[in-house]
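K.L.:
Okay, so here is target26.cif, and as you'll see once you scroll down, it has mmCIF, C-alpha atoms and all ligand atoms.
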data_query
loop_
_atom_site.label_atom_id
_atom_site.label_comp_id
_atom_site.auth_asym_id
_atom_site.auth_seq_id
_atom_site.Cartn_x
_atom_site.Cartn_y
_atom_site.Cartn_z
CA MET A 1032 0.00 0.00 0.00
CA ARG A 1033 1.18 3.51 -0.70
CA VAL A 1034 0.15 5.79 2.14
CA PHE A 1035 -0.15 9.57 1.80
CA ILE A 1036 -0.92 11.57 4.91
CA MET A 1037 -2.23 15.02 4.07
CA LYS A 1038 -2.85 18.04 6.27
CA THR A 1039 -6.53 18.23 5.38
CA ALA A 1040 -9.30 16.15 3.85
CA GLU A 1041 -9.58 18.80 1.14
CA GLU A 1042 -5.95 18.36 0.12
CA ALA A 1043 -6.34 14.57 0.15
CA SER A 1044 -9.51 14.76 -1.99
CA LYS A 1045 -7.78 16.95 -4.57
CA THR A 1046 -4.82 14.57 -4.76
CA ALA A 1047 -7.23 11.64 -5.20
CA ALA A 1048 -8.94 13.66 -7.96
CA ASP A 1049 -5.53 13.99 -9.66
CA VAL A 1050 -5.28 10.18 -9.76
CA MET A 1051 -8.82 9.94 -11.15
CA GLU A 1052 -8.20 12.65 -13.73
CA LYS A 1053 -4.99 11.03 -14.94
CA ALA A 1054 -6.80 7.69 -15.26
CA VAL A 1055 -9.76 9.12 -17.22
CA ARG A 1056 -7.49 11.09 -19.54
CA ALA A 1057 -5.36 8.00 -20.18
CA LYS A 1058 -8.38 5.75 -20.74
CA PRO A 1059 -11.64 7.57 -21.58
CA GLU A 1060 -13.59 4.26 -21.30
CA LEU A 1061 -12.49 3.98 -17.68
CA VAL A 1062 -14.54 1.65 -15.48
CA ILE A 1063 -14.87 3.52 -12.20
CA GLY A 1064 -15.86 1.92 -8.91
CA LEU A 1065 -17.68 4.32 -6.63
CA ALA A 1066 -18.53 4.61 -2.94
CA THR A 1067 -21.16 6.65 -1.10
CA GLY A 1068 -20.98 8.31 2.32
CA SER A 1069 -19.33 11.52 3.51
CA THR A 1070 -15.74 10.61 2.67
CA PRO A 1071 -15.75 10.77 -1.16
CA LEU A 1072 -17.78 13.99 -1.38
CA GLY A 1073 -14.69 16.21 -1.69
CA LEU A 1074 -13.38 13.96 -4.47
CA TYR A 1075 -16.76 14.02 -6.25
CA ASN A 1076 -16.96 17.83 -5.97
CA GLU A 1077 -13.51 18.07 -7.51
CA MET A 1078 -14.48 15.65 -10.33
CA ILE A 1079 -17.54 17.84 -10.99
CA ARG A 1080 -15.44 21.02 -11.01
CA ARG A 1081 -12.86 19.52 -13.36
CA CYS A 1082 -15.61 18.25 -15.68
CA LYS A 1083 -17.28 21.66 -15.82
CA GLU A 1084 -14.20 23.89 -15.82
CA ASP A 1085 -11.37 21.79 -17.25
CA GLY A 1086 -13.28 19.64 -19.74
CA LEU A 1087 -12.58 16.38 -17.91
CA ASP A 1088 -14.66 14.02 -20.02
CA PHE A 1089 -16.64 11.15 -18.49
CA SER A 1090 -18.85 10.59 -21.55
CA ARG A 1091 -17.22 7.25 -22.39
CA ALA A 1092 -16.68 6.09 -18.79
CA SER A 1093 -18.88 3.67 -16.89
CA SER A 1094 -19.30 3.06 -13.18
CA PHE A 1095 -20.20 0.41 -10.64
CA ASN A 1096 -21.14 1.36 -7.10
CA LEU A 1097 -20.03 -0.75 -4.20
CA ASP A 1098 -23.32 -1.18 -2.44
CA GLU A 1099 -26.99 -0.38 -1.85
CA TYR A 1100 -29.37 -0.85 1.05
CA PHE A 1101 -31.55 -3.93 0.79
CA GLY A 1102 -35.28 -3.24 0.46
CA VAL A 1103 -34.73 0.41 -0.48
CA ARG A 1104 -36.13 1.72 -3.75
CA PRO A 1105 -33.77 3.62 -6.09
CA ASP A 1106 -35.84 6.81 -5.68
CA HIS A 1107 -35.87 6.62 -1.86
CA PRO A 1108 -34.19 9.75 -0.41
CA CYS A 1109 -31.63 7.56 1.39
CA SER A 1110 -30.90 5.15 -1.46
CA TYR A 1111 -27.36 5.05 -2.74
CA ARG A 1112 -28.64 5.41 -6.32
CA ARG A 1113 -30.17 8.72 -5.35
CA PHE A 1114 -27.03 9.74 -3.43
CA MET A 1115 -24.92 9.11 -6.53
CA ASN A 1116 -27.29 10.96 -8.86
CA GLU A 1117 -27.42 13.98 -6.57
CA ASN A 1118 -23.76 14.10 -5.61
CA LEU A 1119 -22.08 13.13 -8.86
CA PHE A 1120 -23.95 11.75 -11.88
CA ASP A 1121 -26.32 14.71 -12.31
CA HIS A 1122 -23.33 17.07 -12.50
CA ILE A 1123 -20.86 15.33 -14.82
CA ASN A 1124 -21.26 14.19 -18.42
CA ILE A 1125 -21.35 10.46 -17.66
CA ASP A 1126 -24.04 8.47 -19.50
CA LYS A 1127 -26.42 7.41 -16.70
CA ALA A 1128 -27.22 4.22 -18.61
CA ARG A 1129 -23.63 3.18 -17.91
CA THR A 1130 -23.80 3.89 -14.16
CA HIS A 1131 -24.60 0.84 -12.07
CA VAL A 1132 -25.75 0.56 -8.47
CA PRO A 1133 -26.92 -2.76 -6.99
CA ASP A 1134 -30.71 -3.02 -6.97
CA GLY A 1135 -31.92 -3.17 -3.38
CA MET A 1136 -35.36 -4.24 -4.61
CA ALA A 1137 -34.24 -7.12 -6.85
CA ALA A 1138 -36.80 -9.94 -6.68
CA ASP A 1139 -34.11 -12.62 -6.81
CA ILE A 1140 -31.21 -11.24 -4.80
CA GLU A 1141 -28.88 -14.19 -5.40
CA ALA A 1142 -29.34 -13.94 -9.17
CA HIS A 1143 -28.93 -10.16 -9.03
CA CYS A 1144 -25.64 -10.47 -7.11
CA ARG A 1145 -24.29 -12.99 -9.62
CA LEU A 1146 -25.38 -10.70 -12.46
CA TYR A 1147 -23.68 -7.68 -10.85
CA ASP A 1148 -20.37 -9.57 -10.65
CA LYS A 1149 -20.81 -10.72 -14.25
CA MET A 1150 -21.49 -7.17 -15.45
CA ILE A 1151 -18.30 -5.97 -13.75
CA HIS A 1152 -16.37 -8.83 -15.30
CA ASP A 1153 -17.89 -8.23 -18.76
CA ALA A 1154 -16.96 -4.54 -18.49
CA GLY A 1155 -13.34 -5.62 -18.10
CA ASN A 1156 -13.26 -5.17 -14.31
CA VAL A 1157 -13.03 -1.93 -12.38
CA ASP A 1158 -10.02 0.23 -13.27
CA VAL A 1159 -10.13 2.65 -10.34
CA GLN A 1160 -12.15 1.76 -7.26
CA VAL A 1161 -12.94 4.57 -4.81
CA LEU A 1162 -13.18 3.27 -1.24
CA GLY A 1163 -14.04 4.69 2.15
CA ILE A 1164 -13.64 2.70 5.36
CA GLY A 1165 -16.18 2.11 8.11
CA SER A 1166 -15.20 2.71 11.71
CA ASP A 1167 -15.38 -1.10 12.07
CA GLY A 1168 -13.03 -1.61 9.10
CA HIS A 1169 -15.67 -2.42 6.51
CA ILE A 1170 -15.15 -1.64 2.82
CA GLY A 1171 -18.28 -1.60 0.74
CA PHE A 1172 -20.57 -3.12 3.33
CA ASN A 1173 -18.27 -6.07 3.98
CA GLU A 1174 -18.59 -6.20 7.74
CA PRO A 1175 -16.14 -7.81 10.19
CA THR A 1176 -15.99 -11.62 9.83
CA CYS A 1177 -17.15 -11.41 6.21
CA SER A 1178 -15.25 -13.75 3.87
CA LEU A 1179 -12.18 -12.09 2.43
CA ALA A 1180 -12.91 -13.98 -0.82
CA SER A 1181 -16.56 -12.91 -1.02
CA ARG A 1182 -18.33 -11.93 -4.22
CA THR A 1183 -21.27 -9.52 -4.45
CA HIS A 1184 -23.71 -10.64 -1.79
CA ARG A 1185 -26.40 -9.66 0.69
CA ILE A 1186 -25.12 -8.84 4.17
CA TYR A 1187 -26.51 -8.07 7.59
CA LEU A 1188 -25.19 -4.74 8.90
CA THR A 1189 -23.50 -4.32 12.27
CA GLU A 1190 -25.08 -2.14 14.92
CA GLN A 1191 -22.00 0.12 14.70
CA THR A 1192 -22.50 0.67 10.95
CA ARG A 1193 -26.20 1.37 11.41
CA ARG A 1194 -25.41 3.90 14.13
CA ASP A 1195 -22.68 5.53 11.99
CA ASN A 1196 -25.11 5.85 9.08
CA ALA A 1197 -28.12 6.96 11.14
CA ARG A 1198 -27.16 10.59 10.41
CA PHE A 1199 -28.53 10.14 6.88
CA PHE A 1200 -31.93 8.97 8.21
CA ASP A 1201 -34.59 10.49 10.48
CA LYS A 1202 -33.89 7.94 13.19
CA LEU A 1203 -31.83 4.81 13.89
CA ASP A 1204 -34.81 2.49 13.42
CA ASP A 1205 -35.13 3.72 9.82
CA VAL A 1206 -31.63 2.51 8.89
CA PRO A 1207 -31.98 -0.76 6.96
CA THR A 1208 -30.51 -3.84 8.62
CA GLN A 1209 -29.25 -5.37 5.37
CA ALA A 1210 -27.46 -4.32 2.21
CA ILE A 1211 -26.11 -5.69 -1.05
CA THR A 1212 -22.39 -5.19 -1.43
CA MET A 1213 -19.61 -6.03 -3.83
CA GLY A 1214 -17.55 -8.70 -2.09
CA ILE A 1215 -13.97 -8.31 -0.93
CA GLY A 1216 -12.95 -10.70 -3.71
CA THR A 1217 -14.75 -8.46 -6.22
CA ILE A 1218 -13.04 -5.35 -4.86
CA LEU A 1219 -9.61 -6.99 -4.95
CA GLU A 1220 -10.02 -7.52 -8.71
CA SER A 1221 -10.00 -3.74 -9.29
CA ARG A 1222 -6.78 -2.54 -10.89
CA THR A 1223 -6.28 0.42 -8.57
CA CYS A 1224 -7.93 1.03 -5.21
CA LEU A 1225 -8.17 4.61 -4.06
CA MET A 1226 -8.82 4.54 -0.32
CA LEU A 1227 -9.83 7.75 1.46
CA ALA A 1228 -10.29 8.13 5.22
CA PHE A 1229 -10.75 11.25 7.29
CA GLY A 1230 -11.26 11.94 10.98
CA ALA A 1231 -10.23 10.45 14.31
CA ASN A 1232 -13.11 7.96 14.34
CA LYS A 1233 -11.38 6.14 11.46
CA ALA A 1234 -7.93 6.00 13.12
CA ASP A 1235 -8.26 2.48 14.60
CA ALA A 1236 -9.73 1.02 11.41
CA VAL A 1237 -7.02 2.71 9.29
CA ALA A 1238 -4.22 1.41 11.53
CA GLY A 1239 -5.66 -2.10 11.31
CA MET A 1240 -6.01 -1.84 7.53
CA ILE A 1241 -2.43 -0.71 6.93
CA GLU A 1242 -0.43 -2.19 9.79
CA GLY A 1243 -2.58 -4.85 11.37
CA PRO A 1244 -2.64 -8.51 10.50
CA VAL A 1245 -4.87 -9.45 7.57
CA THR A 1246 -8.03 -10.47 9.34
CA ALA A 1247 -11.73 -10.72 8.62
CA MET A 1248 -12.18 -8.67 11.81
CA ASN A 1249 -10.89 -5.71 9.76
CA PRO A 1250 -12.08 -6.45 6.20
CA ALA A 1251 -10.09 -3.49 4.79
CA SER A 1252 -6.89 -5.28 5.84
CA ALA A 1253 -7.50 -7.58 2.83
CA LEU A 1254 -6.20 -4.66 0.74
CA GLN A 1255 -2.72 -5.71 1.92
CA TYR A 1256 -3.11 -8.41 -0.76
CA HIS A 1257 -3.94 -5.84 -3.45
CA ASN A 1258 -0.96 -4.68 -5.47
CA ASP A 1259 -2.04 -1.13 -6.28
CA THR A 1260 -3.81 0.45 -3.35
CA VAL A 1261 -3.21 4.14 -2.71
CA VAL A 1262 -4.34 5.51 0.63
CA PHE A 1263 -5.06 9.22 1.14
CA ILE A 1264 -5.78 10.12 4.74
CA ASP A 1265 -5.76 13.20 6.93
CA GLU A 1266 -3.73 13.68 10.12
CA ALA A 1267 -6.56 12.56 12.41
CA ALA A 1268 -7.17 9.30 10.54
CA ALA A 1269 -3.38 8.68 10.53
CA SER A 1270 -3.00 9.30 14.26
CA LYS A 1271 -2.66 5.63 15.26
CA LEU A 1272 -0.14 4.56 12.62
CA LYS A 1273 3.19 3.31 13.97
CA LEU A 1274 5.30 3.82 10.83
CA ARG A 1275 4.30 7.43 10.23
CA GLY A 1276 7.87 8.59 9.50
CA TYR A 1277 8.30 5.87 6.91
CA TYR A 1278 5.14 6.82 5.02
CA ASP A 1279 6.15 10.48 4.97
CA ALA A 1280 9.66 9.65 3.72
CA ALA A 1281 8.32 7.37 0.98
CA ALA A 1282 5.76 10.02 -0.05
CA ALA A 1283 8.50 12.67 -0.19
CA ALA A 1284 10.48 10.37 -2.46
CA ALA A 1285 7.35 10.38 -4.67
CA LEU A 1286 7.03 6.61 -4.69
C1 LIG B 1301 -20.44 3.22 1.04
C2 LIG B 1301 -19.33 2.37 1.45
C3 LIG B 1301 -18.86 2.38 2.85
C4 LIG B 1301 -18.36 3.76 3.31
C5 LIG B 1301 -17.97 3.73 4.77
C6 LIG B 1301 -17.50 5.10 5.25
O1 LIG B 1301 -20.73 3.03 -0.32
O2 LIG B 1301 -18.82 1.66 0.65
O3 LIG B 1301 -17.85 1.42 3.02
O4 LIG B 1301 -17.28 4.11 2.51
O5 LIG B 1301 -19.05 3.33 5.54
O6 LIG B 1301 -18.59 5.96 5.22
P1 LIG B 1301 -18.38 7.53 5.45
O7 LIG B 1301 -17.60 8.00 4.30
O8 LIG B 1301 -19.75 8.13 5.47
O9 LIG B 1301 -17.64 7.67 6.74
#
Rewrite the coordinates I just gave you, this time as C-alpha cells.
Ligand code: F6R
P.N.:
Amino acid sequence: MRVFIMKTAEEASKTAADVMEKAVRAKPELVIGLATGSTPLGLYNEMIRRCKEDGLDFSRASSFNLDEYFGVRPDHPCSYRRFMNENLFDHINIDKARTHVPDGMAADIEAHCRLYDKMIHDAGNVDVQVLGIGSDGHIGFNEPTCSLASRTHRIYLTEQTRRDNARFFDKLDDVPTQAITMGIGTILESRTCLMLAFGANKADAVAGMIEGPVTAMNPASALQYHNDTVVFIDEAAASKLKLRGYYDAAAAAAL
C-alpha cells in the first residue's frame, strides 16, 4: 500500500482527484468503482469542477457502485442510487445508462448479485475503485468476519455501521438492517484502489487496515493483498499509525 498523509481532507480529496483525472485522460472508457458516504464527497466535488471547468470528459466512462441498502427503492431519499445521482452523476457528463448501483429491490437477490459480478467482469473489471472505510473496518458493506474472498452478496449490517449511518436517516430504526455489497474478492479484482479516510473515528480502522494482520475482523486489511492500493488520509485518521515517519519519507520520495 502507498500511504499519503495530508494536512486536510480537502488536500487529500484533490490529490485523489488527480489520480482519477490522470486515469480518465489515459483511458476515456475507464470503469470507475464508486462509494457513497461523507468521505468521497470532496473527491466528487472536484471531479464535478474539473468536468465543468477543465473539460474532464466522463462521456465514455462507466461506473459500478459498491453497495446499496436492501429493500430500499432507487428513488428513496436515502438510497445510494439517489445519493450518486445527486452528488455526482447529475453534475458530470457520464451516460447514466452506464452507471450501475446494486438493486436493493431485486426480486431474486442471489441472481442479481451474480449478475452484478458478471457485469463488472464483462466490463473488463473496475479500473479505479474509490473506497471509504467504516469505523469497524468495513469496505463496501463487507462487515467484520465477512469472507475475504466474497463476491457480491447480501449482508446483515452491524449495529456500529447502522449507528454511523443513522445521520442520513430520520432515526436509527429507519436505517436498513441489510445491504447488497460487492464482495472483498470483487473489490480486490479492481486494478487500482483509491482509499480515502478522514477523521479520528477512522484512526483504529485505518491502523488495522495498513499495519494490522490481515483479518476478517478488519475487512479493509484484505487490501494488503492488493498490489495497487493508494491511501489518502488526513492527520486525524493517521494518528494511530506506527510507521508514520516511513510513510512520509516514501511520499516525499514520490514513490
Ligand atoms: C459506502 C461504502 C462504505 C463507506 C464507509 C464510510 O458506499 O462503501 O464502506 O465508505 O461506511 O462511510 P463515510 O464516508 O460516510 O464515513
K.L.:
Nearest residue to ligand LIG 1301 (chain B) out of A:Gly1230, A:Pro1175, A:Pro1108, A:Gly1102, using all atoms listed in the file?
P.N.:
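Ranked by minimum distance to ligand LIG 1301 (chain B), first place goes to A:Gly1230.
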K.L.:
Within 6 Å of ligand LIG 1301 (chain B) (counting all atoms listed in the file), which residues show up? I'd like them as a list of chain:residue names.
P.N.:
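Protein and nucleic-acid residues within 6 Å of ligand LIG 1301 (chain B): A:Ala1066, A:Thr1067, A:Gly1068, A:Ser1069, A:Thr1070, A:Leu1097, A:Asp1098, A:Leu1162, A:Gly1163, A:Ile1164, A:Gly1165, A:His1169, A:Ile1170, A:Gly1171, A:Phe1172.
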K.L.:
So that I have them on file, write out the residues from the current selection with C-alpha atoms, as a compact mmCIF listing (two decimals), in the coordinates of the input.
P.N.:
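Final file, again25.txt:
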# COMPACT_ATOMS: atom_id res chain seq x y z
CA ALA A 1066 -18.53 4.61 -2.94
CA THR A 1067 -21.16 6.65 -1.10
CA GLY A 1068 -20.98 8.31 2.32
CA SER A 1069 -19.33 11.52 3.51
CA THR A 1070 -15.74 10.61 2.67
CA LEU A 1097 -20.03 -0.75 -4.20
CA ASP A 1098 -23.32 -1.18 -2.44
CA LEU A 1162 -13.18 3.27 -1.24
CA GLY A 1163 -14.04 4.69 2.15
CA ILE A 1164 -13.64 2.70 5.36
CA GLY A 1165 -16.18 2.11 8.11
CA HIS A 1169 -15.67 -2.42 6.51
CA ILE A 1170 -15.15 -1.64 2.82
CA GLY A 1171 -18.28 -1.60 0.74
CA PHE A 1172 -20.57 -3.12 3.33
K.L.:
Which is closer to A:Ser1270 than all the others in A:Glu1042, A:Glu1174, A:Glu1117, A:Asp1235, using all atoms listed in the file?
P.N.:
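Answer, going by the shortest atom-to-atom distance: A:Asp1235.
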K.L.:
Which residue gives the smallest distance to A:Phe1035 among A:Leu1119, A:Leu1179, A:Leu1225, A:Val1245, with all atoms listed in the file counted?
P.N.:
A:Leu1225
K.L.:
Neighbours of stretch 1113-1115 of chain A within 10 Å (only C-alpha atoms; same-chain residues fewer than 2 positions away dropped), as an NGL selection string?
P.N.:
:A and (1065-1068 or 1075 or 1096 or 1104-1111 or 1117-1121 or 1130-1132)
K.L.:
Find the distance between atom CA of A:Phe1089 and atom CA of A:Glu1041 and write it in Å to one decimal.
P.N.:
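A separation of 22.2 Å between them.
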K.L.:
Calculated over all atoms listed in the file, which of the candidates A:Ser1044, A:Ser1221, A:Gln1255, A:Thr1208 has the smallest distance to A:His1152?
P.N.:
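Smallest separation from A:His1152 among the options: A:Ser1221.
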K.L.:
Hey, what's within 7 Å of stretch 1261-1264 of chain A if we count only C-alpha atoms and toss same-chain stuff fewer than 3 positions away? As number ranges by chain, please?
P.N.:
A: 1032-1037, 1043, 1224-1229, 1268-1269
K.L.:
Every residue with an atom at most 6 Å from (-12.2, -5.3, -11.4) (file coordinates; all atoms listed in the file) is what I'm after, so could you write them as a list in words?
P.N.:
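Looking at atoms near the point gives Asn1156, Val1157, Glu1220 and Ser1221 of chain A.
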K.L.:
What does the file look like for those residues with C-alpha atoms, as a PDB file, keeping the file's coordinate frame?
P.N.:
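Below is the file that was written, again.pdb:
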ATOM      1  CA  ASN A1156     -13.260  -5.170 -14.310  1.00  0.00           C
ATOM      2  CA  VAL A1157     -13.030  -1.930 -12.380  1.00  0.00           C
ATOM      3  CA  GLU A1220     -10.020  -7.520  -8.710  1.00  0.00           C
ATOM      4  CA  SER A1221     -10.000  -3.740  -9.290  1.00  0.00           C
TER       5      SER A1221
END
K.L.:
Which distance in Å separates atom CA of A:Ala1197 and atom CA of A:Val1159, to one decimal?
P.N.:
28.3 Å
K.L.:
Once N, CA and C atoms are restored for stretch 1243-1259 of chain A, what would the output be as a short mmCIF file (atom, residue, chain, number, x, y, z; two decimals), keeping the file's coordinate frame?
P.N.:
data_model
loop_
_atom_site.label_atom_id
_atom_site.label_comp_id
_atom_site.auth_asym_id
_atom_site.auth_seq_id
_atom_site.Cartn_x
_atom_site.Cartn_y
_atom_site.Cartn_z
N GLY A 1243 -2.12 -3.69 10.60
CA GLY A 1243 -2.58 -4.85 11.37
C GLY A 1243 -2.39 -6.13 10.61
N PRO A 1244 -2.65 -7.26 11.24
CA PRO A 1244 -2.64 -8.51 10.50
C PRO A 1244 -3.83 -8.52 9.53
N VAL A 1245 -3.72 -9.28 8.46
CA VAL A 1245 -4.87 -9.45 7.57
C VAL A 1245 -5.87 -10.32 8.32
N THR A 1246 -7.02 -9.76 8.55
CA THR A 1246 -8.03 -10.47 9.34
C THR A 1246 -9.42 -10.06 8.92
N ALA A 1247 -10.34 -11.02 8.94
CA ALA A 1247 -11.73 -10.72 8.62
C ALA A 1247 -12.35 -9.79 9.67
N MET A 1248 -11.66 -9.62 10.81
CA MET A 1248 -12.18 -8.67 11.81
C MET A 1248 -11.97 -7.23 11.35
N ASN A 1249 -11.05 -7.02 10.40
CA ASN A 1249 -10.89 -5.71 9.76
C ASN A 1249 -10.85 -5.98 8.25
N PRO A 1250 -12.03 -6.04 7.62
CA PRO A 1250 -12.08 -6.45 6.20
C PRO A 1250 -11.16 -5.63 5.31
N ALA A 1251 -10.96 -4.33 5.63
CA ALA A 1251 -10.09 -3.49 4.79
C ALA A 1251 -8.65 -3.99 4.79
N SER A 1252 -8.27 -4.78 5.79
CA SER A 1252 -6.89 -5.28 5.84
C SER A 1252 -6.62 -6.22 4.66
N ALA A 1253 -7.68 -6.73 4.02
CA ALA A 1253 -7.50 -7.58 2.83
C ALA A 1253 -6.80 -6.80 1.71
N LEU A 1254 -6.87 -5.47 1.77
CA LEU A 1254 -6.20 -4.66 0.74
C LEU A 1254 -4.68 -4.84 0.78
N GLN A 1255 -4.16 -5.41 1.88
CA GLN A 1255 -2.72 -5.71 1.92
C GLN A 1255 -2.35 -6.72 0.83
N TYR A 1256 -3.35 -7.46 0.33
CA TYR A 1256 -3.11 -8.41 -0.76
C TYR A 1256 -3.34 -7.79 -2.14
N HIS A 1257 -3.69 -6.50 -2.17
CA HIS A 1257 -3.94 -5.84 -3.45
C HIS A 1257 -2.67 -5.10 -3.86
N ASN A 1258 -2.28 -5.22 -5.13
CA ASN A 1258 -0.96 -4.68 -5.47
C ASN A 1258 -0.95 -3.24 -5.94
N ASP A 1259 -2.09 -2.56 -5.96
CA ASP A 1259 -2.04 -1.13 -6.28
C ASP A 1259 -3.11 -0.38 -5.49
#
